[in-house]
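Colleague: For reference, the file query_0.cif (mmCIF, C-alpha atoms) is included below:
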data_entry
#
loop_
_atom_site.label_atom_id
_atom_site.label_comp_id
_atom_site.auth_asym_id
_atom_site.auth_seq_id
_atom_site.Cartn_x
_atom_site.Cartn_y
_atom_site.Cartn_z
CA MET Y 1346 9.26 -17.06 -7.61
CA GLY Y 1347 11.38 -14.18 -6.28
CA PHE Y 1348 10.16 -10.68 -5.44
CA PHE Y 1349 11.04 -9.19 -8.82
CA SER Y 1350 9.31 -12.02 -10.70
CA LYS Y 1351 6.21 -11.68 -8.51
CA ILE Y 1352 6.06 -7.89 -8.78
CA SER Y 1353 6.76 -8.00 -12.51
CA GLU Y 1354 3.96 -10.51 -13.05
CA GLY Y 1355 1.65 -8.62 -10.69
CA LEU Y 1356 2.23 -5.40 -12.62
CA LYS Y 1357 1.55 -6.96 -16.00
CA LYS Y 1358 -1.75 -5.14 -16.61
CA THR Y 1359 -0.51 -1.84 -15.22
CA ARG Y 1360 2.72 -2.08 -17.22
CA SER Y 1361 0.80 -2.76 -20.40
CA ASN Y 1362 -1.36 0.28 -19.66
CA ILE Y 1363 1.36 2.76 -18.67
CA SER Y 1364 4.53 1.55 -20.36
CA GLY Y 1365 2.75 0.80 -23.63
CA ALA Y 1366 1.27 4.31 -23.79
CA VAL Y 1367 4.54 5.96 -22.72
CA ASN Y 1368 6.54 4.06 -25.35
CA SER Y 1369 4.00 5.04 -28.00
CA VAL Y 1370 4.43 8.73 -27.14
CA ILE Y 1371 8.22 8.51 -27.06
CA LYS Y 1372 8.40 6.75 -30.43
CA SER Y 1373 6.26 9.44 -32.05
CA PHE Y 1374 8.83 12.16 -31.31
CA LYS Y 1375 12.20 12.69 -32.97
CA LYS Y 1376 13.26 15.33 -30.44
CA ILE Y 1377 12.46 16.28 -26.85
CA ASP Y 1378 10.19 19.30 -26.76
CA GLU Y 1379 7.25 20.70 -24.78
CA ASP Y 1380 4.74 18.77 -26.91
CA LEU Y 1381 6.35 15.51 -25.79
CA PHE Y 1382 6.11 16.49 -22.11
CA GLU Y 1383 2.47 17.56 -22.49
CA GLU Y 1384 1.49 14.29 -24.14
CA LEU Y 1385 3.41 12.32 -21.53
CA GLU Y 1386 1.69 14.19 -18.72
CA GLU Y 1387 -1.71 13.46 -20.26
CA ILE Y 1388 -0.87 9.76 -20.47
CA LEU Y 1389 0.19 9.62 -16.82
CA ILE Y 1390 -2.98 11.37 -15.68
CA THR Y 1391 -5.16 8.85 -17.53
CA CYS Y 1392 -3.19 5.99 -15.88
CA ASP Y 1393 -4.48 6.86 -12.38
CA ILE Y 1394 -1.31 8.67 -11.38
CA GLY Y 1395 -3.33 11.85 -10.85
CA VAL Y 1396 -2.85 15.45 -11.98
CA ALA Y 1397 -0.58 16.68 -9.17
CA THR Y 1398 1.73 13.66 -9.31
CA SER Y 1399 1.87 13.58 -13.12
CA THR Y 1400 2.77 17.27 -13.17
CA TYR Y 1401 5.49 16.67 -10.57
CA ILE Y 1402 6.97 13.79 -12.58
CA CYS Y 1403 7.03 15.76 -15.85
CA ASP Y 1404 8.53 18.83 -14.17
CA ASN Y 1405 11.26 16.57 -12.80
CA LEU Y 1406 11.87 15.15 -16.29
CA ARG Y 1407 12.08 18.67 -17.78
CA ARG Y 1408 14.66 19.65 -15.17
CA ARG Y 1409 16.83 16.59 -15.71
CA VAL Y 1410 16.67 16.85 -19.50
CA LYS Y 1411 17.89 20.43 -19.24
CA GLU Y 1412 20.55 19.77 -16.59
CA GLU Y 1413 21.92 16.66 -18.31
CA HIS Y 1414 21.62 18.05 -21.86
CA ILE Y 1415 19.57 15.06 -23.01
CA THR Y 1416 18.25 15.24 -26.58
CA ASP Y 1417 17.23 11.67 -27.42
CA PRO Y 1418 13.53 10.90 -26.63
CA ASP Y 1419 14.49 7.27 -25.98
CA GLU Y 1420 16.29 8.43 -22.82
CA ILE Y 1421 12.97 9.58 -21.35
CA ARG Y 1422 11.92 6.06 -20.33
CA LYS Y 1423 15.11 5.58 -18.29
CA LEU Y 1424 14.62 8.98 -16.62
CA LEU Y 1425 10.99 8.12 -15.89
CA LYS Y 1426 11.98 4.84 -14.24
CA GLU Y 1427 14.60 6.59 -12.11
CA THR Y 1428 12.17 9.37 -11.14
CA VAL Y 1429 9.51 6.87 -10.04
CA ALA Y 1430 12.03 4.81 -8.04
CA GLU Y 1431 13.28 7.97 -6.31
CA MET Y 1432 9.73 9.14 -5.53
CA LEU Y 1433 8.80 5.82 -3.94
CA SER Y 1434 12.04 5.29 -2.06
CA GLY Y 1435 12.19 5.89 1.66
CA ASP Y 1436 11.30 4.03 4.80
CA THR Y 1437 9.01 1.22 3.65
CA ALA Y 1438 9.93 -1.23 6.43
CA LEU Y 1439 7.70 -2.30 9.29
CA HIS Y 1440 9.07 -1.10 12.62
CA LEU Y 1441 8.22 -3.79 15.14
CA ASP Y 1442 11.00 -3.43 17.67
CA THR Y 1443 9.25 -4.33 20.93
CA THR Y 1444 7.78 -7.52 22.36
CA PRO Y 1445 4.95 -7.40 21.73
CA SER Y 1446 4.55 -4.95 18.86
CA VAL Y 1447 1.16 -3.95 17.49
CA VAL Y 1448 -0.14 -3.75 13.93
CA LEU Y 1449 -3.53 -2.08 13.58
CA MET Y 1450 -5.19 -2.82 10.23
CA ILE Y 1451 -7.77 -0.39 8.88
CA GLY Y 1452 -9.71 -0.10 5.61
CA VAL Y 1453 -13.22 -0.28 4.19
CA ASN Y 1454 -15.03 -3.56 3.60
CA GLY Y 1455 -14.11 -5.41 0.42
CA VAL Y 1456 -10.52 -4.23 0.03
CA GLY Y 1457 -9.02 -7.53 1.19
CA LYS Y 1458 -8.18 -6.48 4.75
CA THR Y 1459 -8.95 -9.82 6.42
CA THR Y 1460 -7.06 -11.76 3.75
CA THR Y 1461 -4.12 -9.40 4.14
CA ILE Y 1462 -4.07 -9.97 7.90
CA GLY Y 1463 -3.99 -13.73 7.37
CA LYS Y 1464 -1.13 -13.52 4.88
CA MET Y 1465 0.77 -11.10 7.12
CA ALA Y 1466 0.34 -13.39 10.12
CA LEU Y 1467 1.77 -16.29 8.13
CA GLY Y 1468 4.71 -14.12 7.06
CA PHE Y 1469 5.48 -13.22 10.67
CA LYS Y 1470 5.20 -16.87 11.69
CA LYS Y 1471 7.68 -17.88 8.98
CA GLN Y 1472 10.09 -15.33 10.51
CA GLY Y 1473 9.83 -17.27 13.77
CA LYS Y 1474 7.52 -14.78 15.48
CA LYS Y 1475 4.65 -15.72 17.76
CA VAL Y 1476 1.50 -13.95 16.53
CA VAL Y 1477 -1.88 -13.20 18.10
CA LEU Y 1478 -4.75 -11.86 15.99
CA GLY Y 1479 -7.46 -9.62 17.42
CA ALA Y 1480 -10.89 -9.69 15.73
CA ALA Y 1481 -11.87 -6.10 16.55
CA ASP Y 1482 -14.11 -5.66 13.51
CA THR Y 1483 -17.13 -6.56 15.62
CA PHE Y 1484 -19.50 -4.63 13.36
CA ARG Y 1485 -19.81 -7.69 11.09
CA ALA Y 1486 -20.09 -11.29 12.29
CA ALA Y 1487 -18.71 -12.37 8.90
CA ALA Y 1488 -15.47 -10.48 9.57
CA ILE Y 1489 -14.92 -12.47 12.77
CA ASP Y 1490 -15.64 -15.75 10.98
CA GLN Y 1491 -13.32 -14.88 8.08
CA LEU Y 1492 -10.48 -13.99 10.43
CA SER Y 1493 -10.99 -17.28 12.31
CA VAL Y 1494 -10.48 -19.17 9.04
CA TRP Y 1495 -7.28 -17.26 8.32
CA ALA Y 1496 -5.98 -17.76 11.88
CA GLU Y 1497 -6.44 -21.50 11.42
CA ARG Y 1498 -4.82 -21.49 7.97
CA SER Y 1499 -1.87 -19.48 9.27
CA GLY Y 1500 -1.56 -21.51 12.47
CA VAL Y 1501 -1.72 -18.54 14.84
CA ASP Y 1502 -3.77 -17.71 17.93
CA MET Y 1503 -6.77 -15.41 17.79
CA VAL Y 1504 -8.90 -13.49 20.28
CA LYS Y 1505 -12.51 -12.79 19.38
CA SER Y 1506 -15.86 -11.88 20.86
CA VAL Y 1507 -19.43 -11.77 19.60
CA GLU Y 1508 -20.82 -9.36 17.03
CA GLY Y 1509 -21.53 -5.92 18.49
CA THR Y 1510 -18.90 -6.10 21.25
CA ASP Y 1511 -16.96 -2.89 21.90
CA PRO Y 1512 -13.89 -3.19 19.59
CA ALA Y 1513 -11.63 -1.57 22.20
CA SER Y 1514 -12.50 -4.35 24.67
CA VAL Y 1515 -11.37 -6.92 22.07
CA ILE Y 1516 -8.10 -5.01 21.72
CA PHE Y 1517 -7.72 -5.08 25.51
CA ASP Y 1518 -8.34 -8.86 25.63
CA THR Y 1519 -5.96 -9.44 22.70
CA ILE Y 1520 -3.17 -7.52 24.42
CA ALA Y 1521 -3.73 -9.48 27.65
CA SER Y 1522 -3.62 -12.75 25.71
CA ALA Y 1523 -0.47 -11.71 23.85
CA LYS Y 1524 1.26 -10.81 27.10
CA ALA Y 1525 0.31 -14.15 28.65
CA ARG Y 1526 1.55 -16.03 25.57
CA LYS Y 1527 4.69 -13.88 25.32
CA ALA Y 1528 3.74 -13.10 21.71
CA ASP Y 1529 5.97 -11.03 19.44
CA VAL Y 1530 3.32 -9.40 17.29
CA ILE Y 1531 -0.34 -8.47 17.75
CA VAL Y 1532 -2.31 -7.89 14.54
CA CYS Y 1533 -5.76 -6.34 15.00
CA ASP Y 1534 -8.59 -6.10 12.50
CA THR Y 1535 -10.86 -3.05 12.73
CA ALA Y 1536 -14.14 -1.89 11.21
CA GLY Y 1537 -13.88 0.63 8.37
CA ARG Y 1538 -17.13 2.54 8.20
CA LEU Y 1539 -16.11 5.63 6.28
CA HIS Y 1540 -19.74 6.59 5.73
CA ASN Y 1541 -19.89 7.36 9.45
CA LYS Y 1542 -16.57 9.03 10.17
CA LYS Y 1543 -17.57 10.17 13.66
CA ASN Y 1544 -18.13 6.55 14.81
CA LEU Y 1545 -14.93 5.43 13.11
CA MET Y 1546 -12.91 8.24 14.68
CA ASP Y 1547 -14.31 7.53 18.14
CA GLU Y 1548 -13.66 3.79 17.76
CA LEU Y 1549 -10.07 4.25 16.62
CA ALA Y 1550 -9.34 6.86 19.31
CA LYS Y 1551 -10.56 4.43 21.97
CA MET Y 1552 -8.40 1.62 20.53
CA TYR Y 1553 -5.34 3.87 20.53
CA ARG Y 1554 -6.02 4.80 24.17
CA VAL Y 1555 -6.21 1.12 25.17
CA ILE Y 1556 -2.97 0.32 23.34
CA GLY Y 1557 -1.25 3.38 24.85
CA ARG Y 1558 -2.36 2.42 28.36
CA GLU Y 1559 -1.65 -1.33 28.19
CA LEU Y 1560 1.47 -1.19 26.00
CA PRO Y 1561 2.79 2.35 26.48
CA ASP Y 1562 6.22 1.74 24.95
CA SER Y 1563 5.28 -0.72 22.22
CA SER Y 1564 5.99 -0.29 18.52
CA LEU Y 1565 2.74 0.52 16.71
CA GLU Y 1566 2.09 0.35 12.97
CA THR Y 1567 -1.26 1.51 11.58
CA LEU Y 1568 -1.61 0.07 8.09
CA LEU Y 1569 -4.33 1.18 5.68
CA VAL Y 1570 -5.44 -1.51 3.24
CA LEU Y 1571 -6.49 -0.19 -0.18
CA ASP Y 1572 -7.79 -1.96 -3.28
CA ALA Y 1573 -5.67 -1.06 -6.33
CA THR Y 1574 -8.57 -1.81 -8.69
CA THR Y 1575 -10.41 1.29 -7.42
CA GLY Y 1576 -7.79 3.67 -8.86
CA GLN Y 1577 -8.18 7.29 -7.77
CA ASN Y 1578 -10.91 6.28 -5.31
CA ALA Y 1579 -8.13 4.59 -3.30
CA VAL Y 1580 -6.41 7.98 -3.02
CA ASN Y 1581 -9.65 9.52 -1.76
CA GLN Y 1582 -10.05 6.72 0.82
CA ALA Y 1583 -6.47 7.24 1.99
CA ARG Y 1584 -7.11 10.96 2.36
CA GLU Y 1585 -10.26 10.32 4.44
CA PHE Y 1586 -8.57 7.75 6.69
CA LYS Y 1587 -5.57 10.01 7.16
CA ASN Y 1588 -7.95 12.49 8.77
CA VAL Y 1589 -9.00 9.98 11.44
CA ALA Y 1590 -5.91 7.83 12.03
CA ASN Y 1591 -2.13 8.10 12.25
CA ILE Y 1592 -1.42 5.92 9.22
CA THR Y 1593 2.17 4.68 9.08
CA GLY Y 1594 1.89 2.71 5.84
CA ILE Y 1595 -0.26 1.43 2.98
CA VAL Y 1596 -0.99 -2.14 1.91
CA LEU Y 1597 -2.11 -2.11 -1.72
CA THR Y 1598 -4.07 -5.26 -2.61
CA LYS Y 1599 -5.22 -6.82 -5.91
CA LEU Y 1600 -2.39 -5.21 -7.84
CA ASP Y 1601 -2.26 -8.20 -10.18
CA GLY Y 1602 -5.90 -7.79 -11.20
CA THR Y 1603 -5.80 -4.19 -12.41
CA ALA Y 1604 -4.22 -1.80 -14.89
CA ARG Y 1605 -4.49 0.96 -12.27
CA GLY Y 1606 -1.36 0.26 -10.22
CA GLY Y 1607 -0.11 3.77 -11.01
CA VAL Y 1608 -2.20 4.85 -8.04
CA VAL Y 1609 0.79 3.85 -5.86
CA LEU Y 1610 2.55 6.99 -7.08
CA ALA Y 1611 -0.38 9.27 -6.31
CA ILE Y 1612 -0.82 7.90 -2.77
CA ASN Y 1613 2.86 8.26 -2.00
CA HIS Y 1614 3.32 11.72 -3.53
CA GLU Y 1615 0.04 13.42 -2.63
CA LEU Y 1616 -0.34 12.01 0.88
CA GLY Y 1617 3.24 11.27 1.90
CA ILE Y 1618 2.32 7.78 3.13
CA PRO Y 1619 4.74 4.97 2.19
CA VAL Y 1620 3.47 1.79 0.58
CA LYS Y 1621 4.80 -1.05 2.77
CA PHE Y 1622 3.19 -4.14 1.20
CA VAL Y 1623 1.60 -5.06 -2.11
CA GLY Y 1624 -0.71 -7.97 -2.89
CA VAL Y 1625 0.30 -9.52 -6.21
CA GLY Y 1626 -1.83 -12.68 -6.31
CA GLU Y 1627 -4.34 -14.94 -4.61
CA GLY Y 1628 -1.78 -17.23 -3.00
CA ILE Y 1629 -1.05 -17.10 0.71
CA ASP Y 1630 2.56 -16.10 -0.08
CA ASP Y 1631 1.59 -13.33 -2.49
CA LEU Y 1632 1.75 -10.46 -0.01
CA GLN Y 1633 5.12 -8.86 -0.72
CA PRO Y 1634 7.15 -6.20 1.14
CA PHE Y 1635 7.31 -3.14 -1.10
CA ASP Y 1636 10.55 -2.35 -2.94
CA ALA Y 1637 10.58 0.98 -4.80
CA GLU Y 1638 13.35 0.10 -7.23
CA LYS Y 1639 11.86 -3.28 -8.14
CA PHE Y 1640 8.43 -1.68 -8.51
CA ALA Y 1641 9.81 0.93 -10.93
CA GLU Y 1642 11.63 -1.80 -12.85
CA GLY Y 1643 8.46 -3.88 -13.06
CA LEU Y 1644 6.41 -0.86 -14.13
CA PHE Y 1645 8.59 0.21 -17.02
CA GLU Y 1646 10.40 -2.90 -18.20
CA SER Y 1647 9.80 -3.58 -21.88
CA GLU Y 1648 7.22 -6.22 -22.69
CA GLU Y 1649 9.85 -8.10 -24.66
CA GLU Y 1650 12.29 -8.13 -21.72
#
Can the structure in the file be given as structure tokens, please?

Modeller:
Amino acid sequence: MGFFSKISEGLKKTRSNISGAVNSVIKSFKKIDEDLFEELEEILITCDIGVATSTYICDNLRRRVKEEHITDPDEIRKLLKETVAEMLSGDTALHLDTTPSVVLMIGVNGVGKTTTIGKMALGFKKQGKKVVLGAADTFRAAAIDQLSVWAERSGVDMVKSVEGTDPASVIFDTIASAKARKADVIVCDTAGRLHNKKNLMDELAKMYRVIGRELPDSSLETLLVLDATTGQNAVNQAREFKNVANITGIVLTKLDGTARGGVVLAINHELGIPVKFVGVGEGIDDLQPFDAEKFAEGLFESEEE
């Protein structure tokens, strides 16, 4: 199954939620007027796109309708698709240009962070890269065990320690191991204790210092893993993590299991953080690089298409 098929299937619930409601509004109007825009904005807000982003989208539609002298309400869906694709476009690629490069994974417990790391490691391996995982979420013994399982499934090396070990020391050992193995990519798990931001901030700052000292010129991606099923709460989590880490991209998991995938738009627009990967299924190959145009197509394609 290609990317578009996977993203289209993964967005099935969200598409039914958003596109169905949008089409219903459009069909109820014979002309484009302010009432149409107000109803459309209300629909978008209720679909986890958020007030600020929904207002931005509708203002953009108003402008284009006026500039392009559009009068047919049926044209709104096409404009909406183009607006969403344009909003989400930009630099969504991973920048791993050095050997080794580092990917630091952050996110609260339960969002699918460990699973995402495993799938990402397999993806790198399929590209011919040598990968080393670092189990730096030492707050939970279960996290170390889970990552061990994924390292084995993905066929990559892993560095770990016992529960309670200083996470920065695990990062240090992982970097040393990666250098010795001449690895291409280091992927590190971290603890995500948002309820104690001071500890989290101190932990992350220490990890960044270790990476900066041991690999001063390396490419570094800090990816925040969010659960799409939590809707606007995912935006709040992203906002909180942005305050304590230099996030370079978002991984949105469990997109296939929710009607709340519109949250992608809110995260991108309100926080200016690009979505770089989406999880569209349980399979080990179901972590997909994000494509704005394909996402917009999958979001607004007709159910009969």

Colleague: Calculated over all atoms listed in the file, which of the candidates Y:Lys1639, Y:Asn1368, Y:Ile1363, Y:Val1532 has the smallest distance to Glu1420 (chain Y)?

Modeller: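 Comparing Y:Lys1639, Y:Asn1368, Y:Ile1363, Y:Val1532 against Glu1420 (chain Y), the winner is Y:Asn1368.
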
Colleague: Need to verify the contact set: Glu1638 (chain Y), 12 Å, all atoms listed in the file, exclusion of same-chain residues closer than 3 positions in sequence. Can you return it as a PDB file with C-alpha atoms, in the frame of the given file?

Modeller:
ATOM      1  CA  PHE Y1348      10.160 -10.680  -5.440  1.00  0.00           C
ATOM      2  CA  PHE Y1349      11.040  -9.190  -8.820  1.00  0.00           C
ATOM      3  CA  ILE Y1352       6.060  -7.890  -8.780  1.00  0.00           C
ATOM      4  CA  SER Y1353       6.760  -8.000 -12.510  1.00  0.00           C
ATOM      5  CA  LYS Y1426      11.980   4.840 -14.240  1.00  0.00           C
ATOM      6  CA  GLU Y1427      14.600   6.590 -12.110  1.00  0.00           C
ATOM      7  CA  THR Y1428      12.170   9.370 -11.140  1.00  0.00           C
ATOM      8  CA  VAL Y1429       9.510   6.870 -10.040  1.00  0.00           C
ATOM      9  CA  ALA Y1430      12.030   4.810  -8.040  1.00  0.00           C
ATOM     10  CA  GLU Y1431      13.280   7.970  -6.310  1.00  0.00           C
ATOM     11  CA  MET Y1432       9.730   9.140  -5.530  1.00  0.00           C
ATOM     12  CA  LEU Y1433       8.800   5.820  -3.940  1.00  0.00           C
ATOM     13  CA  SER Y1434      12.040   5.290  -2.060  1.00  0.00           C
ATOM     14  CA  GLY Y1435      12.190   5.890   1.660  1.00  0.00           C
ATOM     15  CA  THR Y1437       9.010   1.220   3.650  1.00  0.00           C
ATOM     16  CA  PHE Y1635       7.310  -3.140  -1.100  1.00  0.00           C
ATOM     17  CA  ALA Y1641       9.810   0.930 -10.930  1.00  0.00           C
ATOM     18  CA  GLU Y1642      11.630  -1.800 -12.850  1.00  0.00           C
ATOM     19  CA  GLY Y1643       8.460  -3.880 -13.060  1.00  0.00           C
ATOM     20  CA  LEU Y1644       6.410  -0.860 -14.130  1.00  0.00           C
ATOM     21  CA  PHE Y1645       8.590   0.210 -17.020  1.00  0.00           C
ATOM     22  CA  GLU Y1646      10.400  -2.900 -18.200  1.00  0.00           C
TER      23      GLU Y1646
END

Colleague: Hey, what's within 8 Å of region 1401-1414 of chain Y if we count all atoms listed in the file and toss same-chain stuff fewer than 3 positions away? As JSON, numbers by chain, please?

Modeller: {"Y": [1382, 1385, 1386, 1397, 1398, 1421, 1424, 1425, 1428, 1429]}

Colleague: Please expand the PyMOL selection byres ((chain Y and resi 1608-1621) around 9) into the concrete residues it hits in this file, giving the result as a VMD selection string.

Modeller: chain Y and resid 1392 to 1399 1401 1429 1432 to 1439 1568 1573 1575 to 1577 1579 to 1580 1583 to 1584 1587 1592 to 1597 1605 to 1607 1622 to 1623 1633 to 1637

Colleague: What would the file look like if the residues just selected were written as a PDB file, in the coordinates of the input with C-alpha atoms?

Modeller:
ATOM      1  CA  CYS Y1392      -3.190   5.990 -15.880  1.00  0.00           C
ATOM      2  CA  ASP Y1393      -4.480   6.860 -12.380  1.00  0.00           C
ATOM      3  CA  ILE Y1394      -1.310   8.670 -11.380  1.00  0.00           C
ATOM      4  CA  GLY Y1395      -3.330  11.850 -10.850  1.00  0.00           C
ATOM      5  CA  VAL Y1396      -2.850  15.450 -11.980  1.00  0.00           C
ATOM      6  CA  ALA Y1397      -0.580  16.680  -9.170  1.00  0.00           C
ATOM      7  CA  THR Y1398       1.730  13.660  -9.310  1.00  0.00           C
ATOM      8  CA  SER Y1399       1.870  13.580 -13.120  1.00  0.00           C
ATOM      9  CA  TYR Y1401       5.490  16.670 -10.570  1.00  0.00           C
ATOM     10  CA  VAL Y1429       9.510   6.870 -10.040  1.00  0.00           C
ATOM     11  CA  MET Y1432       9.730   9.140  -5.530  1.00  0.00           C
ATOM     12  CA  LEU Y1433       8.800   5.820  -3.940  1.00  0.00           C
ATOM     13  CA  SER Y1434      12.040   5.290  -2.060  1.00  0.00           C
ATOM     14  CA  GLY Y1435      12.190   5.890   1.660  1.00  0.00           C
ATOM     15  CA  ASP Y1436      11.300   4.030   4.800  1.00  0.00           C
ATOM     16  CA  THR Y1437       9.010   1.220   3.650  1.00  0.00           C
ATOM     17  CA  ALA Y1438       9.930  -1.230   6.430  1.00  0.00           C
ATOM     18  CA  LEU Y1439       7.700  -2.300   9.290  1.00  0.00           C
ATOM     19  CA  LEU Y1568      -1.610   0.070   8.090  1.00  0.00           C
ATOM     20  CA  ALA Y1573      -5.670  -1.060  -6.330  1.00  0.00           C
ATOM     21  CA  THR Y1575     -10.410   1.290  -7.420  1.00  0.00           C
ATOM     22  CA  GLY Y1576      -7.790   3.670  -8.860  1.00  0.00           C
ATOM     23  CA  GLN Y1577      -8.180   7.290  -7.770  1.00  0.00           C
ATOM     24  CA  ALA Y1579      -8.130   4.590  -3.300  1.00  0.00           C
ATOM     25  CA  VAL Y1580      -6.410   7.980  -3.020  1.00  0.00           C
ATOM     26  CA  ALA Y1583      -6.470   7.240   1.990  1.00  0.00           C
ATOM     27  CA  ARG Y1584      -7.110  10.960   2.360  1.00  0.00           C
ATOM     28  CA  LYS Y1587      -5.570  10.010   7.160  1.00  0.00           C
ATOM     29  CA  ILE Y1592      -1.420   5.920   9.220  1.00  0.00           C
ATOM     30  CA  THR Y1593       2.170   4.680   9.080  1.00  0.00           C
ATOM     31  CA  GLY Y1594       1.890   2.710   5.840  1.00  0.00           C
ATOM     32  CA  ILE Y1595      -0.260   1.430   2.980  1.00  0.00           C
ATOM     33  CA  VAL Y1596      -0.990  -2.140   1.910  1.00  0.00           C
ATOM     34  CA  LEU Y1597      -2.110  -2.110  -1.720  1.00  0.00           C
ATOM     35  CA  ARG Y1605      -4.490   0.960 -12.270  1.00  0.00           C
ATOM     36  CA  GLY Y1606      -1.360   0.260 -10.220  1.00  0.00           C
ATOM     37  CA  GLY Y1607      -0.110   3.770 -11.010  1.00  0.00           C
ATOM     38  CA  PHE Y1622       3.190  -4.140   1.200  1.00  0.00           C
ATOM     39  CA  VAL Y1623       1.600  -5.060  -2.110  1.00  0.00           C
ATOM     40  CA  GLN Y1633       5.120  -8.860  -0.720  1.00  0.00           C
ATOM     41  CA  PRO Y1634       7.150  -6.200   1.140  1.00  0.00           C
ATOM     42  CA  PHE Y1635       7.310  -3.140  -1.100  1.00  0.00           C
ATOM     43  CA  ASP Y1636      10.550  -2.350  -2.940  1.00  0.00           C
ATOM     44  CA  ALA Y1637      10.580   0.980  -4.800  1.00  0.00           C
TER      45      ALA Y1637
END

Colleague: Select, counting only C-alpha atoms, all protein, DNA and RNA residues no farther than 10 Å from (-11.9, -7.7, -1.8) in file coordinates, and express the selection as a list in words.

Modeller: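 Looking at atoms near the point gives Val1453, Asn1454, Gly1455, Val1456, Gly1457, Lys1458, Thr1459, Thr1460, Thr1461, Leu1571, Asp1572, Thr1574, Thr1598 and Lys1599 of chain Y.
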
Colleague: Could you check the closest approach to Ala1590 (chain Y) for each of Y:Thr1535, Y:Thr1400, Y:Thr1483, Y:Ser1522 and tell me which residue wins, using all atoms listed in the file?

Modeller: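 Closest residue, counting all atoms listed in the file: Y:Thr1535.
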
Colleague: Any chance you could work out the residue set of the PyMOL selection byres ((chain Y and resi 1496-1511) around 8) here, as a list of chain:residue names?

Modeller: Y:Gly1463, Y:Lys1464, Y:Ala1466, Y:Leu1467, Y:Lys1470, Y:Lys1475, Y:Val1476, Y:Val1477, Y:Leu1478, Y:Gly1479, Y:Ala1480, Y:Ala1481, Y:Thr1483, Y:Phe1484, Y:Arg1485, Y:Ala1486, Y:Ile1489, Y:Leu1492, Y:Ser1493, Y:Val1494, Y:Trp1495, Y:Pro1512, Y:Ala1513, Y:Ser1514, Y:Val1515, Y:Asp1518, Y:Thr1519, Y:Ser1522

Colleague: I want to know what sits within 10 Å of Arg1558 (chain Y), based on only C-alpha atoms, with residues of the same chain fewer than 5 positions away left out; could you give that as a list in words?

Modeller: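 Using only C-alpha atoms, the neighbours found are Phe1517, Met1552 and Tyr1553 of chain Y.
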
Colleague: So which one's closest to Gly1468 (chain Y), Y:Ala1521, Y:Val1530, Y:Asp1380, Y:Asp1417? Using only C-alpha atoms, please.

Modeller: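 Of Y:Ala1521, Y:Val1530, Y:Asp1380, Y:Asp1417, the one nearest Gly1468 (chain Y), counting only C-alpha atoms, is Y:Val1530.
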
Colleague: May I ask for the distance between CA of Val1447 (chain Y) and CA of Met1546 (chain Y), given in Å to one decimal place?

Modeller: 18.8 Å

Colleague: Exactly which residues make up the result of the PyMOL selection byres ((chain Y and resi 1542) around 12) on this file, given as a VMD selection string?

Modeller: chain Y and resid 1453 1536 to 1541 1543 to 1550 1582 1585 to 1590
